[in-house]
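Asks: Sending over coords36.txt (compact mmCIF, C-alpha atoms and all ligand atoms).
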```
# COMPACT_ATOMS: atom_id res chain seq x y z
CA MET K 225 -70.67 -122.72 104.12
CA THR K 226 -68.17 -123.56 106.82
CA ASP K 227 -66.03 -120.63 107.77
CA THR K 228 -62.70 -122.31 108.36
CA GLN K 229 -61.46 -119.14 110.09
CA ASP K 230 -63.56 -120.21 113.07
CA TYR K 231 -61.14 -123.07 113.58
CA HIS K 232 -58.04 -120.94 113.85
CA GLY K 233 -55.90 -122.13 116.74
CA LYS K 234 -58.39 -124.80 117.80
CA LEU K 235 -58.02 -128.55 117.91
CA VAL K 236 -60.46 -129.80 115.31
CA THR K 237 -60.88 -133.49 114.61
CA ILE K 238 -61.90 -134.68 111.18
CA GLU K 239 -65.19 -135.95 112.65
CA ARG K 240 -66.10 -132.53 113.98
CA PHE K 241 -65.09 -130.79 110.77
CA ILE K 242 -67.06 -133.14 108.52
CA LEU K 243 -70.08 -132.87 110.80
CA ASP K 244 -69.88 -129.06 110.82
CA GLN K 245 -69.81 -129.09 107.03
CA GLN K 246 -72.84 -131.34 106.94
CA GLN K 247 -74.75 -129.09 109.34
CA ALA K 248 -74.28 -126.24 106.88
CA HIS K 249 -76.52 -128.30 104.56
CA PRO K 250 -79.79 -128.92 106.40
CA GLU K 251 -81.00 -131.18 103.59
CA ALA K 252 -78.04 -133.58 104.05
CA THR K 253 -78.90 -137.00 105.45
CA GLY K 254 -75.46 -137.76 106.87
CA THR K 255 -74.83 -140.59 104.45
CA LEU K 256 -71.95 -138.84 102.70
CA THR K 257 -70.56 -137.77 106.07
CA ASN K 258 -70.46 -141.36 107.18
CA ILE K 259 -68.68 -142.54 104.03
CA LEU K 260 -66.01 -139.93 104.72
CA TYR K 261 -65.70 -141.15 108.32
CA ASP K 262 -65.25 -144.67 106.99
CA MET K 263 -62.48 -143.48 104.68
CA ALA K 264 -60.76 -141.81 107.64
CA LEU K 265 -61.02 -145.07 109.56
CA ALA K 266 -59.64 -146.98 106.57
CA ALA K 267 -56.74 -144.51 106.53
CA LYS K 268 -55.90 -145.29 110.16
CA ILE K 269 -56.07 -149.03 109.62
CA ILE K 270 -53.96 -148.91 106.45
CA THR K 271 -51.46 -146.61 108.20
CA SER K 272 -51.00 -149.16 110.95
CA LYS K 273 -49.74 -151.59 108.29
CA THR K 274 -47.82 -149.24 106.00
CA THR K 275 -45.68 -148.01 108.88
CA ARG K 276 -44.65 -151.62 109.49
CA ALA K 277 -44.07 -152.50 105.84
CA GLY K 278 -40.42 -153.43 106.25
CA LEU K 279 -41.32 -155.66 109.19
CA ALA K 280 -44.04 -157.64 107.46
CA GLU K 281 -41.80 -160.39 106.22
CA ILE K 282 -39.79 -160.62 109.43
CA LEU K 283 -42.93 -160.77 111.54
CA GLY K 284 -44.53 -163.17 109.11
CA SER K 285 -41.64 -165.59 109.10
CA ALA K 286 -41.28 -165.19 112.87
CA GLY K 287 -44.69 -166.63 113.53
CA GLU K 288 -47.51 -164.42 112.33
CA GLU K 289 -48.00 -166.72 109.39
CA ASN K 290 -48.20 -169.80 111.59
CA VAL K 291 -50.49 -168.32 114.22
CA GLN K 292 -53.01 -166.96 111.78
CA GLY K 293 -52.59 -169.70 109.23
CA GLU K 294 -52.45 -167.28 106.37
CA GLU K 295 -49.77 -165.64 104.32
CA VAL K 296 -48.70 -162.08 105.03
CA GLN K 297 -50.85 -160.04 102.71
CA LYS K 298 -49.42 -157.69 100.19
CA LEU K 299 -50.18 -154.20 101.35
CA ASP K 300 -52.19 -153.22 98.30
CA VAL K 301 -54.43 -156.25 98.75
CA PHE K 302 -54.75 -155.40 102.43
CA ALA K 303 -55.75 -151.80 101.61
CA GLN K 304 -58.26 -153.03 99.04
CA ARG K 305 -59.91 -155.39 101.52
CA THR K 306 -59.93 -152.84 104.30
CA ILE K 307 -61.80 -150.25 102.23
CA PHE K 308 -64.17 -152.87 100.87
CA ARG K 309 -65.01 -154.36 104.26
CA LEU K 310 -65.59 -150.98 105.89
CA ASN K 311 -68.06 -150.05 103.17
CA ASP K 312 -69.80 -153.23 102.02
CA HIS K 313 -72.47 -153.48 104.74
CA THR K 314 -73.34 -149.89 105.59
CA GLY K 315 -76.25 -149.39 103.23
CA ARG K 316 -74.61 -146.23 101.94
CA LEU K 317 -73.20 -147.52 98.66
CA ALA K 318 -74.73 -149.10 95.57
CA ALA K 319 -71.36 -150.37 94.29
CA MET K 320 -67.64 -149.81 94.48
CA ALA K 321 -64.85 -149.85 91.90
CA SER K 322 -61.14 -150.22 92.54
CA GLU K 323 -57.88 -150.37 90.62
CA GLU K 324 -57.42 -153.81 92.13
CA GLU K 325 -60.59 -155.36 90.68
CA GLU K 326 -61.33 -155.98 87.02
CA ALA K 327 -65.09 -155.34 87.24
CA ILE K 328 -67.17 -153.14 89.53
CA ILE K 329 -67.50 -154.53 93.05
CA PRO K 330 -71.12 -155.26 93.93
CA ILE K 331 -72.52 -154.86 97.42
CA PRO K 332 -73.07 -158.40 98.76
CA SER K 333 -76.74 -159.27 98.32
CA ARG K 334 -77.27 -159.79 102.07
CA PHE K 335 -76.65 -156.08 102.68
CA PRO K 336 -78.78 -153.09 101.68
CA VAL K 337 -77.67 -150.75 98.91
CA GLY K 338 -77.49 -146.97 99.18
CA PRO K 339 -77.40 -143.83 97.06
CA TYR K 340 -73.65 -143.47 96.41
CA VAL K 341 -70.83 -145.24 94.57
CA LEU K 342 -67.22 -145.24 95.76
CA VAL K 343 -64.28 -145.42 93.36
CA PHE K 344 -60.76 -145.86 94.71
CA ASP K 345 -57.16 -146.74 94.14
CA PRO K 346 -56.42 -148.49 97.44
CA LEU K 347 -52.65 -148.09 97.42
CA ASP K 348 -51.22 -146.08 94.58
CA GLY K 349 -47.49 -146.12 93.95
CA SER K 350 -47.21 -149.49 95.64
CA SER K 351 -43.96 -150.26 93.82
CA ASN K 352 -42.46 -147.69 96.21
CA ILE K 353 -43.39 -149.61 99.37
CA ASP K 354 -40.24 -151.69 99.54
CA MET K 355 -38.10 -148.55 99.34
CA ASN K 356 -39.98 -146.84 102.21
CA VAL K 357 -41.19 -144.07 99.90
CA SER K 358 -44.56 -142.36 100.40
CA ILE K 359 -47.64 -144.01 98.92
CA GLY K 360 -51.29 -143.06 98.88
CA THR K 361 -54.96 -143.92 98.57
CA ILE K 362 -57.17 -141.96 96.14
CA PHE K 363 -60.97 -141.97 96.29
CA GLY K 364 -64.04 -140.41 94.74
CA ILE K 365 -67.73 -140.55 95.63
CA TYR K 366 -70.57 -140.20 93.13
CA ARG K 367 -74.30 -140.21 93.56
CA ARG K 368 -75.64 -143.24 91.71
CA THR K 369 -77.44 -142.49 88.45
CA THR K 370 -79.65 -145.58 88.29
CA ALA K 371 -82.79 -145.47 90.43
CA SER K 372 -82.63 -148.65 92.50
CA GLY K 373 -81.29 -152.19 92.80
CA PRO K 374 -77.62 -153.14 92.74
CA GLY K 375 -75.31 -150.48 91.34
CA THR K 376 -74.15 -150.85 87.75
CA LEU K 377 -71.14 -149.88 85.67
CA ALA K 378 -73.15 -146.87 84.43
CA ASP K 379 -73.26 -145.54 88.01
CA VAL K 380 -69.46 -145.56 88.05
CA LEU K 381 -68.72 -144.26 84.54
CA GLN K 382 -69.52 -140.64 85.29
CA PRO K 383 -67.44 -137.58 84.44
CA ALA K 384 -65.46 -136.38 87.44
CA ARG K 385 -67.42 -133.11 87.40
CA ASN K 386 -70.26 -135.15 88.93
CA LEU K 387 -68.19 -136.14 91.96
CA VAL K 388 -69.82 -135.14 95.24
CA ALA K 389 -66.59 -135.74 97.15
CA ALA K 390 -63.02 -136.78 96.47
CA GLY K 391 -59.85 -137.10 98.43
CA TYR K 392 -56.61 -138.84 99.08
CA ILE K 393 -54.68 -140.28 101.96
CA LEU K 394 -50.93 -139.78 101.96
CA TYR K 395 -48.85 -142.27 103.91
CA GLY K 396 -45.73 -140.16 104.32
CA ALA K 397 -43.66 -138.86 107.21
CA SER K 398 -47.11 -138.31 108.68
CA THR K 399 -50.37 -139.71 107.39
CA MET K 400 -52.63 -137.04 105.93
CA MET K 401 -56.16 -137.14 104.63
CA VAL K 402 -57.10 -134.38 102.21
CA TYR K 403 -60.62 -134.14 100.84
CA SER K 404 -63.24 -131.90 99.30
CA THR K 405 -67.00 -132.06 99.12
CA GLY K 406 -67.05 -129.15 96.68
CA ASN K 407 -66.56 -126.58 99.41
CA GLY K 408 -62.80 -126.12 99.38
CA VAL K 409 -59.98 -128.58 99.99
CA HIS K 410 -59.15 -129.43 103.58
CA GLY K 411 -56.20 -131.37 104.96
CA PHE K 412 -55.95 -133.36 108.20
CA THR K 413 -52.85 -134.87 109.78
CA LEU K 414 -53.02 -138.07 111.81
CA ASP K 415 -51.71 -137.63 115.34
CA PRO K 416 -50.52 -141.17 116.06
CA ALA K 417 -50.43 -140.50 119.81
CA ILE K 418 -54.20 -140.07 120.00
CA GLY K 419 -55.21 -141.84 116.78
CA GLU K 420 -57.13 -138.84 115.42
CA PHE K 421 -56.93 -136.82 112.23
CA LEU K 422 -56.61 -133.15 113.20
CA LEU K 423 -57.32 -130.22 110.91
CA SER K 424 -53.90 -128.97 109.82
CA HIS K 425 -54.48 -127.46 106.37
CA PRO K 426 -57.89 -125.72 106.14
CA ASN K 427 -59.00 -124.40 102.78
CA ILE K 428 -55.91 -125.23 100.73
CA LYS K 429 -55.36 -122.96 97.72
CA LEU K 430 -52.61 -123.40 95.16
CA PRO K 431 -49.95 -120.70 95.64
CA ALA K 432 -50.01 -118.21 92.75
CA LYS K 433 -46.24 -118.53 92.23
CA PRO K 434 -45.50 -122.11 91.18
CA LYS K 435 -42.27 -123.78 92.24
CA TYR K 436 -42.09 -127.26 90.74
CA TYR K 437 -42.76 -129.32 87.67
CA SER K 438 -43.10 -133.07 88.10
CA VAL K 439 -42.77 -135.60 85.33
CA ASN K 440 -40.83 -138.78 84.65
CA GLN K 441 -38.18 -137.08 82.54
CA GLY K 442 -36.63 -140.46 81.76
CA TYR K 443 -39.32 -140.84 79.12
CA GLN K 444 -38.40 -137.61 77.33
CA PRO K 445 -37.22 -139.36 74.13
CA PHE K 446 -40.71 -140.81 73.79
CA TRP K 447 -42.62 -137.54 74.18
CA THR K 448 -44.36 -135.64 71.42
CA ALA K 449 -42.88 -132.35 70.18
CA GLY K 450 -45.58 -130.52 72.15
CA VAL K 451 -44.60 -132.11 75.47
CA GLN K 452 -40.91 -131.46 74.74
CA ALA K 453 -41.63 -127.80 74.03
CA TYR K 454 -43.76 -127.57 77.15
CA THR K 455 -41.01 -128.96 79.37
CA GLU K 456 -38.50 -126.46 77.96
CA TRP K 457 -41.01 -123.68 78.62
CA LEU K 458 -41.43 -124.79 82.25
CA GLN K 459 -37.67 -124.70 82.77
CA ARG K 460 -37.28 -121.10 81.49
CA ASP K 461 -38.02 -117.77 83.14
CA THR K 462 -41.10 -116.41 81.34
CA PRO K 463 -43.38 -113.43 82.01
CA GLU K 464 -45.72 -115.74 84.00
CA LYS K 465 -43.13 -117.42 86.23
CA LYS K 466 -39.55 -118.10 87.16
CA GLY K 467 -38.09 -121.29 85.69
CA LEU K 468 -39.37 -124.23 87.72
CA SER K 469 -37.38 -126.89 89.58
CA LEU K 470 -37.99 -130.57 88.90
CA ARG K 471 -39.35 -132.80 91.66
CA TYR K 472 -40.60 -136.33 90.92
CA ILE K 473 -41.23 -139.00 93.50
CA GLY K 474 -43.03 -141.44 91.21
CA SER K 475 -45.86 -141.73 93.70
CA LEU K 476 -48.83 -139.77 92.42
CA VAL K 477 -50.39 -138.78 95.75
CA ALA K 478 -47.07 -137.57 97.13
CA ASP K 479 -46.20 -135.65 93.95
CA PHE K 480 -49.68 -134.15 93.81
CA HIS K 481 -49.65 -133.18 97.48
CA ARG K 482 -46.29 -131.43 97.25
CA ASN K 483 -47.37 -129.42 94.22
CA LEU K 484 -50.72 -128.58 95.81
CA LEU K 485 -48.88 -126.95 98.71
CA SER K 486 -46.01 -125.43 96.69
CA GLY K 487 -47.62 -124.64 93.36
CA GLY K 488 -46.56 -126.24 90.11
CA VAL K 489 -47.62 -128.86 87.61
CA PHE K 490 -47.55 -132.64 87.55
CA TYR K 491 -47.88 -134.36 84.20
CA TYR K 492 -47.96 -137.89 82.92
CA PRO K 493 -48.39 -137.40 79.18
CA ALA K 494 -49.11 -139.88 76.46
CA ASP K 495 -45.82 -141.14 75.06
CA SER K 496 -44.60 -143.64 72.50
CA LYS K 497 -42.77 -145.83 75.00
CA ASP K 498 -45.48 -148.39 75.44
CA LEU K 499 -47.80 -148.60 72.48
CA LYS K 500 -50.24 -150.63 74.56
CA LYS K 501 -50.78 -147.51 76.69
CA PRO K 502 -51.57 -144.77 74.19
CA GLY K 503 -53.23 -142.69 76.91
CA GLY K 504 -50.26 -142.58 79.25
CA LYS K 505 -50.33 -144.56 82.47
CA LEU K 506 -52.77 -143.00 84.89
CA ARG K 507 -56.37 -144.12 85.22
CA LEU K 508 -59.24 -141.75 84.63
CA VAL K 509 -61.88 -143.06 87.03
CA TYR K 510 -60.04 -143.46 90.33
CA GLU K 511 -56.76 -141.55 89.87
CA ALA K 512 -57.04 -138.59 87.48
CA GLY K 513 -60.74 -137.84 88.09
CA PRO K 514 -60.68 -137.37 91.88
CA LEU K 515 -57.42 -135.40 91.78
CA SER K 516 -58.85 -133.16 89.03
CA PHE K 517 -61.84 -132.44 91.27
CA LEU K 518 -59.49 -131.48 94.12
CA ILE K 519 -57.23 -129.27 92.01
CA GLU K 520 -60.19 -127.24 90.71
CA GLN K 521 -61.39 -126.81 94.29
CA ALA K 522 -57.91 -125.49 95.13
CA GLY K 523 -58.03 -122.97 92.27
CA GLY K 524 -56.14 -125.04 89.70
CA TYR K 525 -56.94 -127.01 86.58
CA ALA K 526 -56.42 -130.49 85.10
CA SER K 527 -56.37 -131.37 81.42
CA ASP K 528 -55.60 -134.33 79.21
CA GLY K 529 -53.73 -131.88 76.99
CA ALA K 530 -56.82 -130.90 75.02
CA GLN K 531 -59.77 -130.65 77.42
CA ALA K 532 -60.69 -130.60 81.10
CA ILE K 533 -60.38 -134.04 82.64
CA LEU K 534 -63.51 -133.25 84.68
CA ASP K 535 -65.55 -133.32 81.45
CA ILE K 536 -64.34 -136.65 80.09
CA VAL K 537 -67.02 -139.32 80.22
CA PRO K 538 -65.24 -142.62 80.93
CA ALA K 539 -65.99 -145.40 78.46
CA GLN K 540 -64.26 -148.07 80.53
CA LEU K 541 -63.54 -148.60 84.19
CA HIS K 542 -59.76 -148.85 83.85
CA GLN K 543 -59.35 -146.32 81.04
CA ARG K 544 -56.06 -144.41 80.99
CA VAL K 545 -55.77 -140.69 80.39
CA PRO K 546 -52.86 -138.29 79.86
CA MET K 547 -52.84 -135.83 82.76
CA PHE K 548 -51.51 -132.30 83.25
CA ILE K 549 -52.55 -131.00 86.68
CA GLY K 550 -51.66 -127.96 88.75
CA ASN K 551 -51.72 -124.18 88.45
CA ARG K 552 -54.16 -123.14 85.76
CA THR K 553 -51.73 -120.97 83.78
CA LEU K 554 -49.24 -123.84 83.61
CA VAL K 555 -51.80 -126.40 82.48
CA GLU K 556 -53.31 -124.06 79.89
CA GLN K 557 -49.83 -123.55 78.47
CA ALA K 558 -49.53 -127.32 78.05
CA GLU K 559 -52.77 -127.31 76.08
CA ALA K 560 -51.53 -124.42 73.91
CA LEU K 561 -48.17 -125.99 73.09
CA ILE K 562 -49.66 -129.42 72.44
CA ARG K 563 -52.22 -127.84 70.12
CA ARG K 564 -49.47 -125.92 68.32
CA HIS K 565 -46.94 -128.74 67.96
CA ASP K 566 -48.96 -131.92 67.94
CA GLY K 567 -52.25 -130.88 66.34
CA ALA K 568 -55.72 -130.76 67.81
CA ALA K 569 -56.35 -134.51 67.84
CA THR K 570 -53.49 -135.37 70.19
CA PRO K 571 -52.52 -136.66 72.61
CA ALA K 572 -55.02 -139.41 73.42
P1 LIG A 601 -49.77 -147.83 90.12
O1 LIG A 601 -51.23 -147.45 90.06
O2 LIG A 601 -49.48 -149.12 89.44
O3 LIG A 601 -49.22 -147.75 91.52
O4 LIG A 601 -48.97 -146.76 89.23
C1 LIG A 601 -49.24 -145.41 89.39
C2 LIG A 601 -47.97 -144.69 89.68
C3 LIG A 601 -48.20 -143.27 90.14
O5 LIG A 601 -48.23 -143.19 91.53
C4 LIG A 601 -47.04 -142.52 89.60
O6 LIG A 601 -47.39 -141.19 89.31
C5 LIG A 601 -46.71 -143.29 88.36
O7 LIG A 601 -47.26 -144.58 88.49
C6 LIG A 601 -45.22 -143.45 88.19
O8 LIG A 601 -45.00 -144.11 86.98
P2 LIG A 601 -43.55 -144.11 86.31
O9 LIG A 601 -42.71 -145.04 87.13
O10 LIG A 601 -43.78 -144.59 84.90
O11 LIG A 601 -43.03 -142.70 86.34
MG MG A 602 -52.65 -146.51 90.90
```
Rewrite the coordinates I just gave you, this time as structure tokens.
Ligand code: AHM
Ligand code: MG
Replies:
Amino acid sequence: MTDTQDYHGKLVTIERFILDQQQAHPEATGTLTNILYDMALAAKIITSKTTRAGLAEILGSAGEENVQGEEVQKLDVFAQRTIFRLNDHTGRLAAMASEEEEAIIPIPSRFPVGPYVLVFDPLDGSSNIDMNVSIGTIFGIYRRTTASGPGTLADVLQPARNLVAAGYILYGASTMMVYSTGNGVHGFTLDPAIGEFLLSHPNIKLPAKPKYYSVNQGYQPFWTAGVQAYTEWLQRDTPEKKGLSLRYIGSLVADFHRNLLSGGVFYYPADSKDLKKPGGKLRLVYEAGPLSFLIEQAGGYASDGAQAILDIVPAQLHQRVPMFIGNRTLVEQAEALIRRHDGAATPA
């Protein structure tokens, strides 16, 4: 196990940190390490575009389009292609799956396949881009379950408890990459002057005293009685906590990151607003699953209102799931109030 205390006061790049973690596991082949490096590189490349988002059209119409003969790409498409291209040829993955693609993404047949699968949301919260609000990338890495050949959907449809690594990249005032390989949650901040991620948040643990609750309260009329009661409970002083303040950015990575550092709960419950989305909005495989893995590593808990999200076996790639994620006491209270007010079968 890496003793993150060793790093106190030292300049530690993400490469060194990941390598040190690998060296604590003599049986490791380095394959997982290299996938994480590739995600860090993807983060730098995507950052170079997201920080110029407002300029894309100006630059495009000023000549970029003519010179390159192609249209300025939408940033989410750019992020998707960046992650795909960095990972398609390395021989480390058997398949990928992304929010941007309907089916799983095979490794092109001219390249070798490897032992892992990568699931990702290349640019979550992309409706915020035009307003210069933080956005993020979410990813998870599984060991494939099939023995050989091209990866299959079955390799991807695993419960998040099977994740061997998960993380996110936050494109905010700084770019951060936060990840876990099941040995704590560690955060790195990109120093744009040197182009390196430096260890800034070793071994993140949720603060015991939560500060915030995060939900789109505009949907309150469409919530179940259980979710209404839960929200009222969060707002009140109770023996477990002081009444919480509301913070909601509407960008999952940014909301999650803030609550991870401050303590609190984020929820996107099932509601009756859109009957086509009975499971809420968020996706199990590449949004809720990886973040649930991280929150447990930070001492918290994630639930769909009835059970641990980590235990849900996905039936479909783009399946939606209600999500309550944060400090364990807060999430367990959501389960209790939903059970009491909505009955055991809800909310999915
Ligand atoms: P997206 O995957 O289409 O970007 O949507 C996901 C986003 C999350 O980042 C955020 O938590 C949620 O949608 C916000 O939804 P709403 O506007 O309904 O509150
Ligand atoms: Mg998304």
Asks: Please give me, as an MDAnalysis selection string, the residues lying within 9 Å of ligand LIG 601 (chain A) when counting only C-alpha atoms and all ligand atoms.
Replies: chainID K and resid 323 345 347:352 359:360 439:443 472:480 490:492 504:507 511
Asks: Tell me, as a PyMOL selection string, which residues lie within 7 Å of Leu534 (chain K), counting only C-alpha atoms; anything in the same chain fewer than 3 positions away does not count.
Replies: chain K and resi 383-385+513+516-517
Asks: Identify which of the residues K:Asn311, K:Thr271, K:Gln540, K:Ser333 lies closest to Thr399 (chain K), counting only C-alpha atoms when measuring atom-to-atom distances.
Replies: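 Of the candidates, the smallest distance to Thr399 (chain K) is held by K:Thr271.
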Asks: Could you check which of K:Ala530, K:Val509, K:Leu235, K:Ile562 is closest to ligand MG 602 (chain A), using only C-alpha atoms and all ligand atoms?
Replies: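 Among the listed residues, K:Val509 lies closest to ligand MG 602 (chain A).
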Asks: Would you work out the distance separating CA of Trp447 (chain K) from CA of Leu470 (chain K), expressed in Å to one decimal?
Replies: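 CA of Trp447 (chain K) sits 16.9 Å away from CA of Leu470 (chain K).
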Asks: Show me, as a tab-separated table, the residues of region 296-387 of chain K having an atom within 8 Å of region 258-270 of chain K, each with the closest atom pair and its distance in Å, using all atoms listed in the file.
Replies:
```
residue	atom	partner	partner_atom	distance
K:Phe302	CA	K:Ile270	CA	7.7
K:Ala303	CA	K:Ile270	CA	5.9
K:Thr306	CA	K:Ala266	CA	6.3
K:Ile307	CA	K:Ala266	CA	5.8
K:Leu310	CA	K:Asp262	CA	6.4
K:Asn311	CA	K:Asp262	CA	7.2
K:Arg316	CA	K:Ile259	CA	7.3
```
Asks: Could you check which of K:Arg460, K:Lys433, K:His542, K:Lys500 is closest to ligand MG 602 (chain A), using only C-alpha atoms and all ligand atoms?
Replies: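 Among K:Arg460, K:Lys433, K:His542, K:Lys500, it is K:His542 that comes nearest to ligand MG 602 (chain A).
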Asks: Measuring between all atoms listed in the file, which one of K:Leu423, K:Ile365, K:Ala526, K:Ile536 shows the shortest distance to Val388 (chain K)?
Replies: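 For Val388 (chain K), the nearest of the given residues is K:Ile365.
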Asks: Counting all atoms listed in the file, figure out which residue out of K:Ala248, K:Gln444, K:Pro336, K:Gly529 gets nearest to Gly567 (chain K).
Replies: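 Closest residue, counting all atoms listed in the file: K:Gly529.
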Asks: Leaving out Val343 (chain K) and any residue of its chain fewer than 2 positions from it, which residues lie within 8 Å of it when counting all atoms listed in the file, given as a VMD selection string?
Replies: chain K and resid 320 to 322 341 345 363 to 365 380 509 to 510
Asks: How about saving the chosen residues, C-alpha atoms kept, as a PDB file, keeping the file's coordinate frame?
Replies:
```pdb
ATOM      1  CA  MET K 320     -67.640-149.810  94.480  1.00  0.00           C
ATOM      2  CA  ALA K 321     -64.850-149.850  91.900  1.00  0.00           C
ATOM      3  CA  SER K 322     -61.140-150.220  92.540  1.00  0.00           C
ATOM      4  CA  VAL K 341     -70.830-145.240  94.570  1.00  0.00           C
ATOM      5  CA  ASP K 345     -57.160-146.740  94.140  1.00  0.00           C
ATOM      6  CA  PHE K 363     -60.970-141.970  96.290  1.00  0.00           C
ATOM      7  CA  GLY K 364     -64.040-140.410  94.740  1.00  0.00           C
ATOM      8  CA  ILE K 365     -67.730-140.550  95.630  1.00  0.00           C
ATOM      9  CA  VAL K 380     -69.460-145.560  88.050  1.00  0.00           C
ATOM     10  CA  VAL K 509     -61.880-143.060  87.030  1.00  0.00           C
ATOM     11  CA  TYR K 510     -60.040-143.460  90.330  1.00  0.00           C
TER      12      TYR K 510
END
```
Asks: Taking only C-alpha atoms and all ligand atoms into account, name the residue in K:Thr455, K:Gln246, K:Thr314, K:Thr361 that is nearest to ligand MG 602 (chain A).
Replies: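 Checking each candidate against ligand MG 602 (chain A), we get K:Thr361 as the closest.
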Asks: Just the number, please: distance in Å from CA of Val409 (chain K) to CA of Ile519 (chain K), one decimal.
Replies: 8.5 Å
Asks: So how many Å separate CA of Leu554 (chain K) and CA of Ile362 (chain K), to one decimal?
Replies: 23.4 Å
Asks: Mind filling out region 486-504 of chain K with N, CA and C atoms and sending it as an mmCIF file, keeping the file's coordinate frame?
Replies:
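Heads up, here's the output in part-v9.cif:
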```cif
data_model
loop_
_atom_site.group_PDB
_atom_site.id
_atom_site.type_symbol
_atom_site.label_atom_id
_atom_site.label_comp_id
_atom_site.auth_asym_id
_atom_site.auth_seq_id
_atom_site.Cartn_x
_atom_site.Cartn_y
_atom_site.Cartn_z
ATOM 1 N N SER K 486 -47.099 -126.312 97.147
ATOM 2 C CA SER K 486 -46.010 -125.430 96.690
ATOM 3 C C SER K 486 -46.349 -124.701 95.401
ATOM 4 N N GLY K 487 -47.336 -125.184 94.682
ATOM 5 C CA GLY K 487 -47.620 -124.640 93.360
ATOM 6 C C GLY K 487 -46.754 -125.315 92.326
ATOM 7 N N GLY K 488 -47.327 -125.596 91.159
ATOM 8 C CA GLY K 488 -46.560 -126.240 90.110
ATOM 9 C C GLY K 488 -47.463 -127.093 89.241
ATOM 10 N N VAL K 489 -46.847 -127.986 88.498
ATOM 11 C CA VAL K 489 -47.620 -128.860 87.610
ATOM 12 C C VAL K 489 -47.037 -130.268 87.654
ATOM 13 N N PHE K 490 -47.917 -131.233 87.706
ATOM 14 C CA PHE K 490 -47.550 -132.640 87.550
ATOM 15 C C PHE K 490 -48.098 -133.071 86.203
ATOM 16 N N TYR K 491 -47.304 -133.801 85.430
ATOM 17 C CA TYR K 491 -47.880 -134.360 84.200
ATOM 18 C C TYR K 491 -47.376 -135.757 83.934
ATOM 19 N N TYR K 492 -48.290 -136.558 83.426
ATOM 20 C CA TYR K 492 -47.960 -137.890 82.920
ATOM 21 C C TYR K 492 -48.590 -137.957 81.536
ATOM 22 N N PRO K 493 -47.807 -137.534 80.521
ATOM 23 C CA PRO K 493 -48.390 -137.400 79.180
ATOM 24 C C PRO K 493 -48.503 -138.751 78.480
ATOM 25 N N ALA K 494 -49.198 -138.745 77.370
ATOM 26 C CA ALA K 494 -49.110 -139.880 76.460
ATOM 27 C C ALA K 494 -47.693 -139.895 75.905
ATOM 28 N N ASP K 495 -47.131 -141.066 75.677
ATOM 29 C CA ASP K 495 -45.820 -141.140 75.060
ATOM 30 C C ASP K 495 -45.779 -142.373 74.159
ATOM 31 N N SER K 496 -44.670 -142.524 73.439
ATOM 32 C CA SER K 496 -44.600 -143.640 72.500
ATOM 33 C C SER K 496 -43.805 -144.806 73.070
ATOM 34 N N LYS K 497 -43.589 -144.786 74.388
ATOM 35 C CA LYS K 497 -42.770 -145.830 75.000
ATOM 36 C C LYS K 497 -43.466 -147.178 74.978
ATOM 37 N N ASP K 498 -44.719 -147.145 75.365
ATOM 38 C CA ASP K 498 -45.480 -148.390 75.440
ATOM 39 C C ASP K 498 -46.725 -148.226 74.585
ATOM 40 N N LEU K 499 -46.698 -148.837 73.421
ATOM 41 C CA LEU K 499 -47.800 -148.600 72.480
ATOM 42 C C LEU K 499 -49.113 -149.203 72.970
ATOM 43 N N LYS K 500 -49.010 -150.064 73.980
ATOM 44 C CA LYS K 500 -50.240 -150.630 74.560
ATOM 45 C C LYS K 500 -50.928 -149.602 75.473
ATOM 46 N N LYS K 501 -50.202 -148.530 75.794
ATOM 47 C CA LYS K 501 -50.780 -147.510 76.690
ATOM 48 C C LYS K 501 -50.780 -146.155 75.985
ATOM 49 N N PRO K 502 -51.597 -146.020 74.963
ATOM 50 C CA PRO K 502 -51.570 -144.770 74.190
ATOM 51 C C PRO K 502 -52.070 -143.571 74.992
ATOM 52 N N GLY K 503 -52.722 -143.794 76.095
ATOM 53 C CA GLY K 503 -53.230 -142.690 76.910
ATOM 54 C C GLY K 503 -52.367 -142.401 78.117
ATOM 55 N N GLY K 504 -51.084 -142.760 78.064
ATOM 56 C CA GLY K 504 -50.260 -142.580 79.250
ATOM 57 C C GLY K 504 -50.504 -143.716 80.223
#
```
